[in-house]
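**Student:** Dropping in target_7.tsv, which is TSV, C-alpha atoms:
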chain	number	residue	atom	x	y	z
V	1	ASN	CA	144.93	159.31	93.41
V	2	SER	CA	143.14	160.28	90.19
V	3	SER	CA	146.30	159.89	88.08
V	4	SER	CA	146.95	156.28	89.14
V	5	SER	CA	143.24	155.48	88.81
V	6	SER	CA	143.21	156.84	85.26
V	7	SER	CA	146.31	154.85	84.37
V	8	SER	CA	144.80	151.70	85.86
V	9	ASP	CA	141.58	152.19	83.94
V	10	GLY	CA	143.52	152.67	80.71
V	11	SER	CA	145.54	149.51	81.34
V	12	SER	CA	142.38	147.51	82.09
V	13	GLU	CA	140.75	148.82	78.92
V	14	PHE	CA	143.76	147.78	76.86
V	15	SER	CA	143.76	144.29	78.39
V	16	GLU	CA	140.07	143.85	77.63
V	17	PHE	CA	140.65	145.07	74.09
V	18	LEU	CA	143.44	142.52	73.56
V	19	HIS	CA	141.28	139.69	74.90
V	20	LYS	CA	138.44	140.72	72.61
V	21	LEU	CA	140.77	140.63	69.61
V	22	CYS	CA	142.16	137.29	70.73
V	23	SER	CA	138.73	135.68	71.13
V	24	GLY	CA	137.89	136.24	67.48
V	25	CYS	CA	141.32	135.44	66.08
V	26	ALA	CA	141.66	132.59	63.57
V	27	SER	CA	145.32	133.10	62.59
V	28	ARG	CA	147.88	131.27	64.73
V	29	ARG	CA	150.54	133.92	64.05
V	30	VAL	CA	148.24	136.73	65.17
V	31	LEU	CA	147.09	134.63	68.13
V	32	ILE	CA	150.68	134.22	69.31
V	33	ALA	CA	151.36	137.95	68.88
V	34	LEU	CA	148.25	138.88	70.86
V	35	GLY	CA	149.05	136.28	73.51
V	36	SER	CA	152.49	137.79	74.05
V	37	LEU	CA	150.98	141.27	74.44
V	38	ILE	CA	148.39	139.95	76.90
V	39	ALA	CA	151.13	138.29	78.97
V	40	LEU	CA	153.26	141.44	78.98
V	41	GLU	CA	150.33	143.70	79.78
V	42	ASP	CA	149.07	141.52	82.64
V	43	PHE	CA	152.56	141.11	84.11
V	44	SER	CA	153.48	144.79	83.89
V	45	SER	CA	150.12	145.90	85.32
V	46	GLY	CA	150.31	143.48	88.27
V	47	ARG	CA	147.14	141.63	87.30
V	48	MET	CA	149.10	138.41	86.97
V	49	LEU	CA	150.13	138.37	90.64
V	50	PRO	CA	146.90	137.04	92.22
V	51	ARG	CA	146.74	134.32	89.56
V	52	ILE	CA	150.30	133.21	90.36
V	53	VAL	CA	149.45	133.15	94.09
V	54	ALA	CA	146.29	131.09	93.45
V	55	ALA	CA	148.22	128.60	91.29
V	56	CYS	CA	150.87	128.18	94.00
V	57	ARG	CA	148.17	127.47	96.59
V	58	GLU	CA	146.52	124.89	94.34
V	59	LEU	CA	149.86	123.15	93.84
V	60	GLU	CA	150.63	123.28	97.56
V	61	ASP	CA	147.29	121.65	98.32
V	62	TRP	CA	147.95	118.89	95.77
V	63	LEU	CA	151.48	118.32	97.04
V	64	SER	CA	150.24	118.06	100.62
V	65	HIS	CA	148.20	114.98	99.60
V	66	SER	CA	150.63	113.55	97.08
V	67	ASP	CA	152.15	110.92	99.37
V	68	SER	CA	149.02	108.86	98.74
V	69	MET	CA	149.21	106.87	95.51
V	70	PHE	CA	145.39	106.62	95.52
V	71	TYR	CA	145.19	110.40	95.61
V	72	ARG	CA	147.63	110.68	92.71
V	73	LEU	CA	145.64	108.13	90.68
V	74	GLY	CA	142.44	110.04	91.39
V	75	SER	CA	144.16	113.16	90.16
V	76	TRP	CA	145.24	111.33	87.01
V	77	ARG	CA	141.67	110.14	86.32
V	78	GLU	CA	140.35	113.68	86.70
V	79	LEU	CA	142.94	115.06	84.29
V	80	ALA	CA	142.44	112.24	81.80
V	81	SER	CA	138.70	112.90	81.71
V	82	HIS	CA	139.09	116.34	80.16
V	83	ALA	CA	142.55	116.32	78.57
V	84	GLY	CA	142.64	117.48	74.97
V	85	PRO	CA	144.15	115.44	72.11
V	86	GLY	CA	147.88	115.08	72.51
V	87	HIS	CA	147.78	116.26	76.12
V	88	GLU	CA	146.64	113.11	77.89
V	89	ALA	CA	148.02	112.58	81.37
V	90	THR	CA	150.48	109.67	81.58
V	91	VAL	CA	149.42	107.28	84.32
V	92	GLY	CA	153.00	106.11	84.88
V	93	ALA	CA	154.01	109.56	86.10
V	94	PHE	CA	151.31	109.32	88.79
V	95	LEU	CA	152.05	105.73	89.80
V	96	THR	CA	155.62	106.80	90.44
V	97	ARG	CA	156.53	110.10	92.06
V	98	HIS	CA	157.51	111.74	88.80
V	99	SER	CA	154.35	113.86	88.80
V	100	VAL	CA	155.17	115.01	92.34
V	101	GLU	CA	158.67	116.05	91.34
V	102	ASN	CA	157.38	117.91	88.28
V	103	ARG	CA	154.76	119.83	90.23
V	104	ARG	CA	157.07	120.65	93.11
V	105	ARG	CA	159.61	122.04	90.65
V	106	PHE	CA	156.87	123.97	88.87
V	107	HIS	CA	155.67	125.37	92.20
V	108	ASP	CA	159.15	126.60	93.06
V	109	GLU	CA	159.49	128.19	89.62
V	110	LEU	CA	156.16	129.97	90.09
V	111	LEU	CA	157.36	131.34	93.42
V	112	GLU	CA	160.30	132.89	91.60
V	113	LEU	CA	157.96	134.30	88.95
V	114	GLU	CA	155.85	135.74	91.78
V	115	HIS	CA	158.96	137.46	93.15
V	116	TYR	CA	159.61	139.16	89.81
V	117	GLU	CA	155.96	140.18	89.50
V	118	GLU	CA	155.95	141.72	92.98
V	119	ALA	CA	159.12	143.65	92.06
V	120	HIS	CA	157.59	144.76	88.73
V	121	ASP	CA	160.69	143.29	87.08
V	122	VAL	CA	159.25	142.61	83.64
V	123	MET	CA	162.53	141.75	81.95
V	124	HIS	CA	163.65	139.09	84.42
V	125	GLY	CA	160.07	137.90	84.79
V	126	MET	CA	159.79	137.17	81.07
V	127	GLU	CA	163.25	135.57	81.02
V	128	HIS	CA	162.20	133.29	83.86
V	129	LEU	CA	158.88	132.52	82.18
V	130	ARG	CA	160.76	131.47	79.03
V	131	ARG	CA	162.95	129.06	81.02
V	132	LEU	CA	159.94	127.77	82.95
V	133	VAL	CA	158.05	126.90	79.75
V	134	ASP	CA	161.15	125.19	78.33
V	135	HIS	CA	160.98	122.71	81.24
V	136	LEU	CA	157.47	121.59	80.34
V	137	HIS	CA	157.28	118.41	78.28
V	138	HIS	CA	153.92	116.72	78.84
V	139	PRO	CA	152.08	119.06	81.23
V	140	CYS	CA	148.39	118.76	82.04
V	141	LEU	CA	147.57	120.58	85.27
V	142	ARG	CA	150.70	122.69	84.84
V	143	LEU	CA	149.56	123.79	81.39
V	144	GLU	CA	146.10	124.67	82.70
V	145	LEU	CA	147.62	126.71	85.52
V	146	LEU	CA	150.00	128.45	83.14
V	147	GLN	CA	147.21	129.30	80.70
V	148	ASN	CA	145.26	130.88	83.54
V	149	ILE	CA	148.29	132.75	84.90
V	150	LEU	CA	149.06	134.23	81.49
V	151	GLY	CA	145.43	135.07	80.76
V	152	LEU	CA	145.29	132.72	77.77
V	153	ASP	CA	142.61	130.25	76.73
V	154	GLN	CA	142.79	126.56	75.80
V	155	ARG	CA	143.82	127.29	72.21
V	156	PHE	CA	147.29	128.00	73.62
V	157	ASP	CA	148.87	124.55	73.88
V	158	VAL	CA	152.40	123.96	75.14
V	159	ALA	CA	153.96	124.94	71.81
V	160	ALA	CA	151.87	128.11	71.62
V	161	VAL	CA	152.71	129.11	75.19
V	162	ALA	CA	156.39	128.58	74.37
V	163	GLU	CA	156.04	130.85	71.33
V	164	VAL	CA	154.20	133.46	73.40
V	165	SER	CA	156.94	133.53	76.04
V	166	ALA	CA	159.66	133.70	73.38
V	167	LEU	CA	157.98	136.59	71.55
V	168	ALA	CA	157.29	138.47	74.77
V	169	LEU	CA	160.96	138.25	75.67
V	170	SER	CA	161.93	139.26	72.14
V	171	ILE	CA	159.79	142.40	72.40
V	172	LEU	CA	161.69	143.40	75.52
V	173	THR	CA	165.14	142.72	74.10
V	174	SER	CA	164.73	143.96	70.53
V	175	ARG	CA	166.17	147.42	71.08
V	176	PRO	CA	169.98	147.13	70.76
V	177	GLY	CA	172.03	150.00	72.11
V	178	GLU	CA	169.37	151.08	74.57
V	179	SER	CA	169.31	150.54	78.32
V	180	MET	CA	167.16	147.80	79.81
V	181	PRO	CA	163.53	149.00	79.73
V	182	THR	CA	161.57	149.72	82.86
V	183	VAL	CA	157.83	149.20	83.12
V	184	GLU	CA	157.28	152.84	82.09
V	185	ASP	CA	159.44	152.35	78.98
V	186	LEU	CA	157.42	149.48	77.60
V	187	PRO	CA	155.54	150.26	74.40
V	188	ILE	CA	152.50	148.44	75.73
V	189	LEU	CA	152.17	151.07	78.43
V	190	PRO	CA	152.18	154.48	76.72
V	191	SER	CA	152.60	157.37	79.14
V	192	GLN	CA	149.27	158.87	78.08
V	193	PRO	CA	146.60	156.96	80.05
V	194	GLN	CA	143.87	158.81	78.10
V	195	LEU	CA	144.78	157.05	74.85
V	196	LYS	CA	142.23	154.68	73.41
V	197	ALA	CA	143.09	150.97	73.36
V	198	THR	CA	143.40	151.14	69.59
V	199	ALA	CA	146.07	153.83	69.91
V	200	LYS	CA	148.00	151.71	72.38
V	201	LEU	CA	147.83	148.74	70.04
V	202	GLU	CA	149.14	150.95	67.24
V	203	ALA	CA	152.08	151.93	69.45
V	204	VAL	CA	152.87	148.24	69.92
V	205	ALA	CA	152.55	147.53	66.17
V	206	CYS	CA	154.88	150.42	65.36
V	207	HIS	CA	157.41	149.13	67.88
V	208	LEU	CA	157.34	145.59	66.50
V	209	GLN	CA	157.87	146.87	62.96
V	210	GLY	CA	160.59	149.35	63.93
V	211	ILE	CA	158.49	152.35	62.88
V	212	PRO	CA	158.86	155.53	64.98
V	213	HIS	CA	155.60	156.20	66.79
V	214	ALA	CA	156.50	159.69	68.01
V	215	GLU	CA	155.31	161.25	64.76
V	216	VAL	CA	151.84	159.68	64.92
V	217	ASP	CA	149.08	162.26	65.38
V	218	ARG	CA	147.65	161.22	68.73
V	219	GLY	CA	145.16	164.06	68.91
V	220	SER	CA	142.60	162.05	67.01
V	221	MET	CA	143.16	159.04	69.24
V	222	VAL	CA	142.41	160.60	72.63
V	223	ALA	CA	139.43	158.95	74.26
V	224	THR	CA	136.48	161.18	74.90
V	225	ALA	CA	135.20	161.50	78.42
Any chance you could put this one into structure tokens?
**Tutor:**
Amino acid sequence: NSSSSSSSDGSSEFSEFLHKLCSGCASRRVLIALGSLIALEDFSSGRMLPRIVAACRELEDWLSHSDSMFYRLGSWRELASHAGPGHEATVGAFLTRHSVENRRRFHDELLELEHYEEAHDVMHGMEHLRRLVDHLHHPCLRLELLQNILGLDQRFDVAAVAEVSALALSILTSRPGESMPTVEDLPILPSQPQLKATAKLEAVACHLQGIPHAEVDRGSMVATA
């Protein structure tokens, strides 16, 4: 219906606005803050679901060939050819079956994340994401998949992704004395779909700083048709 279409358009606009801000960001602190908002927005809107499904399929394809050591070594060479500094693939993990175990575990964790996304369970989804990132030590393909799932670029290394997941969870749990938020309660999804992206970002900023947003004059922020 027109109401859901309007809400979807507003959510898409906000996501694009966040990505635009992120692309020109030079501050790591601001980058982490924007990354956490992008992750929350994409998860709560459902846009993350197809990316999780695609990552699971890619892992399933790799695992189906992983009994071959030659295949694993070929995979290592491919990763090593474009790995960034400090993120080089360790050949020993591919000579043994350690890489297989890591990716199978990661696949299973993504399936659980997919379950939370399908249920629109943002709180448990972010809690699970936080635990999932904590299990990553020297990821290569797993980091690339996670960056894509979260809608983040290559500037977000393992440490940055960990900070993003921690901040996203903190945003959801920073309201003591209140009931667990639903998707509709989240400050990144104001109930007025006609608000401009800038107004939505202001709502988030107010929430993070503990400033009441109800008193903000939204009349001047309504997008024109």
**Student:** Neighbours of Arg51 (chain V) within 9 Å (only C-alpha atoms; same-chain residues fewer than 2 positions away dropped), as a PyMOL selection string?
**Tutor:** chain V and resi 47-49+53-56+145+148-151
**Student:** Please identify all polymer residues within 7 Å of region 96-104 of chain V, counting only C-alpha atoms, omitting same-chain residues fewer than 4 positions from it, and present them as a list in words.
**Tutor:**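 In the requested form, the answer reads Leu59, Leu63, Ser66, Gly92 and Asp108 of chain V.
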**Student:** Would you kindly return, as a list in words, each protein, DNA or RNA residue with an atom no farther than 9 Å from any atom of region 19-22 of chain V, considering only C-alpha atoms and excluding same-chain residues fewer than 5 positions away?
**Tutor:**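 Near neighbours after the sequence-gap exclusion: Phe14, Val30, Leu31, Leu34, Gly35, Ile38, Gly151 and Leu152 of chain V.
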**Student:** Can you work out the spacing between CA of Arg72 (chain V) and CA of Phe94 (chain V) in Å, to one decimal?
**Tutor:**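 Those two atoms sit 5.5 Å apart.
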**Student:** If you count only C-alpha atoms, which residues fall within 10 Å of Ser170 (chain V), apart from same-chain ones fewer than 6 positions away, as a list in words?
**Tutor:**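 These residues fall inside the cut-off: Ser36, Met126, Glu127, Val164 and Leu208 of chain V.
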**Student:** Closest to Val161 (chain V) among V:Trp62, V:Tyr116, V:Leu18, V:Arg28, using all atoms listed in the file?
**Tutor:**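 Smallest distance to Val161 (chain V) is found for V:Arg28.
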**Student:** One decimal, in Å: what's the spacing between CA of Phe43 (chain V) and CA of His115 (chain V)?
**Tutor:**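 These two atoms are separated by 11.7 Å.
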**Student:** In Å, how far is it from CA of Ser165 (chain V) to CA of Ser75 (chain V)?
**Tutor:**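 Spanning CA of Ser165 (chain V) to CA of Ser75 (chain V) is a straight-line distance of 27.9 Å.
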**Student:** Can you work out which one of V:Leu141, V:Cys25, V:Leu113, V:Leu73 has the shortest atom-to-atom distance to Pro50 (chain V), counting all atoms listed in the file?
**Tutor:**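 Nearest to Pro50 (chain V): V:Leu113.
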